[in-house]
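Report on one structure; see the data block that follows.
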Amino acid sequence: MILQTKENYLKNMYMIGEETGIISLSELARRLHVSVPTVNSMVKKLHGDGYVIYEKYQPVKLTGKGKKEAALIVRKHRIIEMFLVEKMDFGWEEVHDIAEQIEHVNSEIFFERMNEMLDHPSFDPHGSPIPNQNGIMTSKEYMRLSDAGSGSVVILRRLQSDNRDLLNYLNEKRISLNTKIIIEYIESFDRSMNIRYNEGATATLSKEVCDMLLVEVANENTFI
């Protein structure tokens with residue numbers, strides 16, 4: 001249980017750092033569904049073990065050791081998610097909770113065998129990059145759909161969140177990774193977008209949803 005708790009802390013600190021650049025105790029507590037004093041106590045232990053740099057009233061920083069350890073946990077999680085989708089026909093909305101449990105298995109060969117069966121994927125089912133065996137993650141920069149202008153043609157490449165409600169919502173709209181999206185109109189009042197996609201399907205997406213969809217501008221050389 002101690003190992004699993006440590007891994008959950010490191011993974012979530014890594015993810016917060018990737019998303020916001022600042023690892024606060026309050027955000028870590030929110031994600032782990034525990035109190036700030038509980039987080040404070042665990043972070044002090046991780047500091048003592050050399051995984052983080054902790055100073056009172058300052059954001060937490062992962063050390064090189066901590067960042068590599070965290071990235072390798074993220075690697076296992078994303079390989080599992082891809083395996084569940086590609087080899088076991090799970091939906092992208094189903095895999096997060098299962099991967100949360102399996103990622104703590106202490107067997108490197110187990111995960112590398114999965115990786116080989118998948119032919120070494122670069123991304124998980126939600127478009128997030130998979131760190132390599134050295135914990136190095138190469139991430140391409142995409143813009144939020146909400147930052148695209150009216151008339152733009154873009155390709156959905158990644159989701160900012162693997163929130164199950166968001167994934168179910170996209171399933172209902174039949175929007176998935178690599179969907180080509182044409183922005184027909186942006187409402188001036190609430191910045192919601194009227195879009196066309198999948199050869200004629202239409203939808204209105206709220207700004208909240210558009211903020212979570214990461215896209216690249218389509219051109220004649222864009223892979224779909």
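Following the order of the structure tokens, first chain is A, next is B, and so on, with residues numbered from 1 inside each chain and ligands from 1 in the order they appear.
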Every residue of range 64-119 of chain A that DSSP places in alpha helix (DSSP H), as a PyMOL selection string: chain A and resi 64-88+95-102+108-117
What would the file look like if the residues just selected were written as a CSV table (one decimal), in the first residue's frame with N, CA and C atoms?
```csv
chain,number,residue,atom,x,y,z
A,64,GLY,N,15.1,15.2,-10.3
A,64,GLY,CA,15.3,14.4,-11.4
A,64,GLY,C,14.9,12.9,-11.2
A,65,LYS,N,15.3,12.4,-10.0
A,65,LYS,CA,14.9,11.1,-9.6
A,65,LYS,C,13.4,10.9,-9.5
A,66,GLY,N,12.7,11.9,-8.9
A,66,GLY,CA,11.3,11.9,-8.8
A,66,GLY,C,10.5,12.0,-10.2
A,67,LYS,N,11.1,12.8,-11.0
A,67,LYS,CA,10.4,13.0,-12.3
A,67,LYS,C,10.6,11.7,-13.2
A,68,LYS,N,11.7,11.1,-13.1
A,68,LYS,CA,11.9,9.8,-13.9
A,68,LYS,C,10.9,8.7,-13.4
A,69,GLU,N,10.9,8.6,-12.0
A,69,GLU,CA,10.0,7.6,-11.4
A,69,GLU,C,8.6,7.8,-11.8
A,70,ALA,N,8.1,9.1,-11.7
A,70,ALA,CA,6.8,9.5,-12.1
A,70,ALA,C,6.5,9.2,-13.5
A,71,ALA,N,7.4,9.6,-14.4
A,71,ALA,CA,7.2,9.4,-15.9
A,71,ALA,C,7.0,7.9,-16.2
A,72,LEU,N,7.8,7.0,-15.5
A,72,LEU,CA,7.7,5.6,-15.8
A,72,LEU,C,6.3,5.0,-15.3
A,73,ILE,N,5.8,5.6,-14.3
A,73,ILE,CA,4.4,5.2,-13.8
A,73,ILE,C,3.4,5.7,-14.9
A,74,VAL,N,3.6,6.9,-15.4
A,74,VAL,CA,2.7,7.4,-16.4
A,74,VAL,C,2.8,6.5,-17.7
A,75,ARG,N,4.0,6.1,-18.0
A,75,ARG,CA,4.2,5.2,-19.1
A,75,ARG,C,3.4,3.9,-19.0
A,76,LYS,N,3.5,3.3,-17.8
A,76,LYS,CA,2.7,2.0,-17.6
A,76,LYS,C,1.2,2.3,-17.7
A,77,HIS,N,0.8,3.4,-17.1
A,77,HIS,CA,-0.7,3.7,-17.2
A,77,HIS,C,-1.1,3.8,-18.6
A,78,ARG,N,-0.4,4.5,-19.4
A,78,ARG,CA,-0.8,4.8,-20.8
A,78,ARG,C,-0.7,3.6,-21.7
A,79,ILE,N,0.3,2.8,-21.5
A,79,ILE,CA,0.4,1.5,-22.2
A,79,ILE,C,-0.7,0.6,-21.9
A,80,ILE,N,-1.1,0.5,-20.6
A,80,ILE,CA,-2.3,-0.3,-20.2
A,80,ILE,C,-3.5,0.2,-20.9
A,81,GLU,N,-3.7,1.5,-20.9
A,81,GLU,CA,-4.9,2.1,-21.5
A,81,GLU,C,-5.0,1.7,-23.0
A,82,MET,N,-3.8,1.8,-23.7
A,82,MET,CA,-3.8,1.5,-25.1
A,82,MET,C,-4.1,0.0,-25.3
A,83,PHE,N,-3.5,-0.8,-24.5
A,83,PHE,CA,-3.7,-2.3,-24.6
A,83,PHE,C,-5.2,-2.6,-24.4
A,84,LEU,N,-5.8,-2.0,-23.5
A,84,LEU,CA,-7.3,-2.3,-23.2
A,84,LEU,C,-8.1,-1.9,-24.4
A,85,VAL,N,-7.8,-0.8,-25.0
A,85,VAL,CA,-8.5,-0.3,-26.2
A,85,VAL,C,-8.2,-1.1,-27.4
A,86,GLU,N,-6.9,-1.3,-27.7
A,86,GLU,CA,-6.5,-2.0,-29.0
A,86,GLU,C,-6.7,-3.5,-29.0
A,87,LYS,N,-6.5,-4.1,-27.8
A,87,LYS,CA,-6.4,-5.6,-27.8
A,87,LYS,C,-7.7,-6.2,-27.1
A,88,MET,N,-8.4,-5.4,-26.3
A,88,MET,CA,-9.5,-5.9,-25.5
A,88,MET,C,-10.8,-5.2,-25.8
A,95,VAL,N,-11.2,3.0,-19.7
A,95,VAL,CA,-9.9,2.4,-19.4
A,95,VAL,C,-9.1,3.0,-18.2
A,96,HIS,N,-9.5,4.3,-17.8
A,96,HIS,CA,-8.7,5.0,-16.8
A,96,HIS,C,-8.6,4.2,-15.5
A,97,ASP,N,-9.8,3.9,-15.0
A,97,ASP,CA,-9.9,3.3,-13.7
A,97,ASP,C,-9.2,1.9,-13.6
A,98,ILE,N,-9.3,1.2,-14.7
A,98,ILE,CA,-8.7,-0.2,-14.8
A,98,ILE,C,-7.2,0.0,-14.8
A,99,ALA,N,-6.7,1.0,-15.6
A,99,ALA,CA,-5.3,1.2,-15.6
A,99,ALA,C,-4.7,1.7,-14.3
A,100,GLU,N,-5.5,2.4,-13.5
A,100,GLU,CA,-5.1,2.9,-12.2
A,100,GLU,C,-4.7,1.7,-11.3
A,101,GLN,N,-5.4,0.6,-11.5
A,101,GLN,CA,-5.2,-0.5,-10.6
A,101,GLN,C,-4.0,-1.4,-11.2
A,102,ILE,N,-3.9,-1.5,-12.5
A,102,ILE,CA,-2.9,-2.4,-13.0
A,102,ILE,C,-1.5,-1.8,-13.0
A,108,GLU,N,8.4,-5.2,-14.8
A,108,GLU,CA,8.8,-4.5,-16.0
A,108,GLU,C,8.5,-5.3,-17.3
A,109,ILE,N,8.8,-6.6,-17.3
A,109,ILE,CA,8.6,-7.4,-18.5
A,109,ILE,C,7.1,-7.5,-18.8
A,110,PHE,N,6.2,-7.4,-17.9
A,110,PHE,CA,4.8,-7.5,-18.1
A,110,PHE,C,4.4,-6.3,-19.0
A,111,PHE,N,4.8,-5.1,-18.6
A,111,PHE,CA,4.4,-3.9,-19.4
A,111,PHE,C,5.1,-3.8,-20.7
A,112,GLU,N,6.4,-4.3,-20.8
A,112,GLU,CA,7.1,-4.2,-22.0
A,112,GLU,C,6.5,-5.2,-23.0
A,113,ARG,N,6.0,-6.4,-22.5
A,113,ARG,CA,5.4,-7.3,-23.4
A,113,ARG,C,4.1,-6.7,-24.0
A,114,MET,N,3.3,-6.0,-23.2
A,114,MET,CA,2.2,-5.2,-23.7
A,114,MET,C,2.6,-4.3,-24.8
A,115,ASN,N,3.7,-3.5,-24.5
A,115,ASN,CA,4.2,-2.5,-25.4
A,115,ASN,C,4.6,-3.2,-26.8
A,116,GLU,N,5.2,-4.3,-26.7
A,116,GLU,CA,5.6,-5.0,-27.9
A,116,GLU,C,4.4,-5.5,-28.7
A,117,MET,N,3.4,-6.0,-28.0
A,117,MET,CA,2.2,-6.4,-28.7
A,117,MET,C,1.5,-5.3,-29.4
```
Could you write out, as a PyMOL selection string, all the residues of chain A that DSSP marks as strand (DSSP E or B)? chain A and resi 23+52-53+60-62+123+129+143-144+153-159+180-186+193-197+201-205+213-217
Save the residues we just selected, C-alpha atoms, as an mmCIF file, in the first residue's frame?
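File written: again26.cif
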```
data_model
loop_
_atom_site.group_PDB
_atom_site.id
_atom_site.type_symbol
_atom_site.label_atom_id
_atom_site.label_comp_id
_atom_site.auth_asym_id
_atom_site.auth_seq_id
_atom_site.Cartn_x
_atom_site.Cartn_y
_atom_site.Cartn_z
ATOM 1 C CA ILE A 23 2.611 21.722 -8.236
ATOM 2 C CA VAL A 52 10.765 16.030 -4.407
ATOM 3 C CA ILE A 53 12.017 19.389 -3.207
ATOM 4 C CA VAL A 60 6.566 21.298 -4.707
ATOM 5 C CA LYS A 61 9.188 20.408 -7.308
ATOM 6 C CA LEU A 62 10.051 16.934 -8.537
ATOM 7 C CA PHE A 123 0.300 7.908 -27.739
ATOM 8 C CA PRO A 129 2.252 10.933 -25.349
ATOM 9 C CA MET A 143 -3.788 24.513 -29.657
ATOM 10 C CA ARG A 144 -7.146 24.379 -27.916
ATOM 11 C CA VAL A 153 -10.384 23.394 -40.427
ATOM 12 C CA VAL A 154 -8.646 21.413 -37.699
ATOM 13 C CA ILE A 155 -7.922 17.833 -36.637
ATOM 14 C CA LEU A 156 -8.587 16.619 -33.091
ATOM 15 C CA ARG A 157 -5.280 15.219 -31.783
ATOM 16 C CA ARG A 158 -5.465 15.098 -27.991
ATOM 17 C CA LEU A 159 -7.770 15.613 -25.023
ATOM 18 C CA LYS A 180 -11.677 16.592 -38.973
ATOM 19 C CA ILE A 181 -13.598 19.600 -37.616
ATOM 20 C CA ILE A 182 -14.798 22.624 -39.550
ATOM 21 C CA ILE A 183 -15.666 25.631 -37.380
ATOM 22 C CA GLU A 184 -18.677 27.239 -38.980
ATOM 23 C CA TYR A 185 -19.606 29.874 -36.416
ATOM 24 C CA ILE A 186 -18.537 31.091 -32.961
ATOM 25 C CA MET A 193 -18.811 26.786 -31.449
ATOM 26 C CA ASN A 194 -21.021 25.477 -34.200
ATOM 27 C CA ILE A 195 -19.017 22.794 -35.976
ATOM 28 C CA ARG A 196 -19.339 20.405 -38.909
ATOM 29 C CA TYR A 197 -17.508 17.071 -39.012
ATOM 30 C CA ALA A 201 -22.639 15.885 -38.922
ATOM 31 C CA THR A 202 -23.104 19.109 -36.959
ATOM 32 C CA ALA A 203 -22.915 20.045 -33.272
ATOM 33 C CA THR A 204 -22.680 23.015 -30.949
ATOM 34 C CA LEU A 205 -19.848 22.681 -28.431
ATOM 35 C CA LEU A 213 -9.995 19.512 -27.171
ATOM 36 C CA LEU A 214 -6.470 19.962 -28.535
ATOM 37 C CA VAL A 215 -6.202 20.311 -32.287
ATOM 38 C CA GLU A 216 -3.862 21.128 -35.142
ATOM 39 C CA VAL A 217 -4.695 23.081 -38.250
#
```
Coordinates-based distance that separates CA of His104 in chain A from CA of Lys11 in chain A (Å, one decimal): 11.3 Å
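Counting only C-alpha atoms, the residue from A:Asn12, A:Gln160, A:Ser150, A:Thr179 that sits nearest to Ser192 in chain A is A:Ser150.
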Residue with smallest distance to Asn198 in chain A - pool A:Val34, A:Leu28, A:Leu166, A:Ile175, counting only C-alpha atoms: A:Ile175
Contact residues around Ser24 in chain A with only C-alpha atoms at 12 Å, ignoring same-chain residues under 4 positions, as a CSV table (one decimal) with C-alpha atoms, in the first residue's frame:
```
chain,number,residue,atom,x,y,z
A,12,ASN,CA,-0.2,13.1,-9.9
A,13,MET,CA,2.5,15.6,-9.2
A,14,TYR,CA,4.0,14.9,-12.6
A,15,MET,CA,0.7,15.4,-14.3
A,16,ILE,CA,0.0,18.6,-12.5
A,17,GLY,CA,3.4,19.9,-13.4
A,20,THR,CA,0.1,23.9,-15.1
A,28,LEU,CA,-2.6,17.6,-5.3
A,29,ALA,CA,-5.0,17.1,-2.4
A,30,ARG,CA,-8.0,17.8,-4.7
A,31,ARG,CA,-6.8,15.2,-7.2
A,36,VAL,CA,-4.0,19.1,2.6
A,39,VAL,CA,-0.6,15.6,1.4
A,40,ASN,CA,1.8,17.7,3.4
A,43,VAL,CA,5.3,15.1,0.5
A,54,TYR,CA,9.7,20.7,-0.5
A,55,GLU,CA,9.9,24.1,1.2
A,56,LYS,CA,7.1,25.4,3.4
A,57,TYR,CA,4.6,27.7,1.6
A,58,GLN,CA,6.3,27.0,-1.7
A,59,PRO,CA,5.1,24.8,-4.7
A,60,VAL,CA,6.6,21.3,-4.7
A,61,LYS,CA,9.2,20.4,-7.3
A,62,LEU,CA,10.1,16.9,-8.5
```
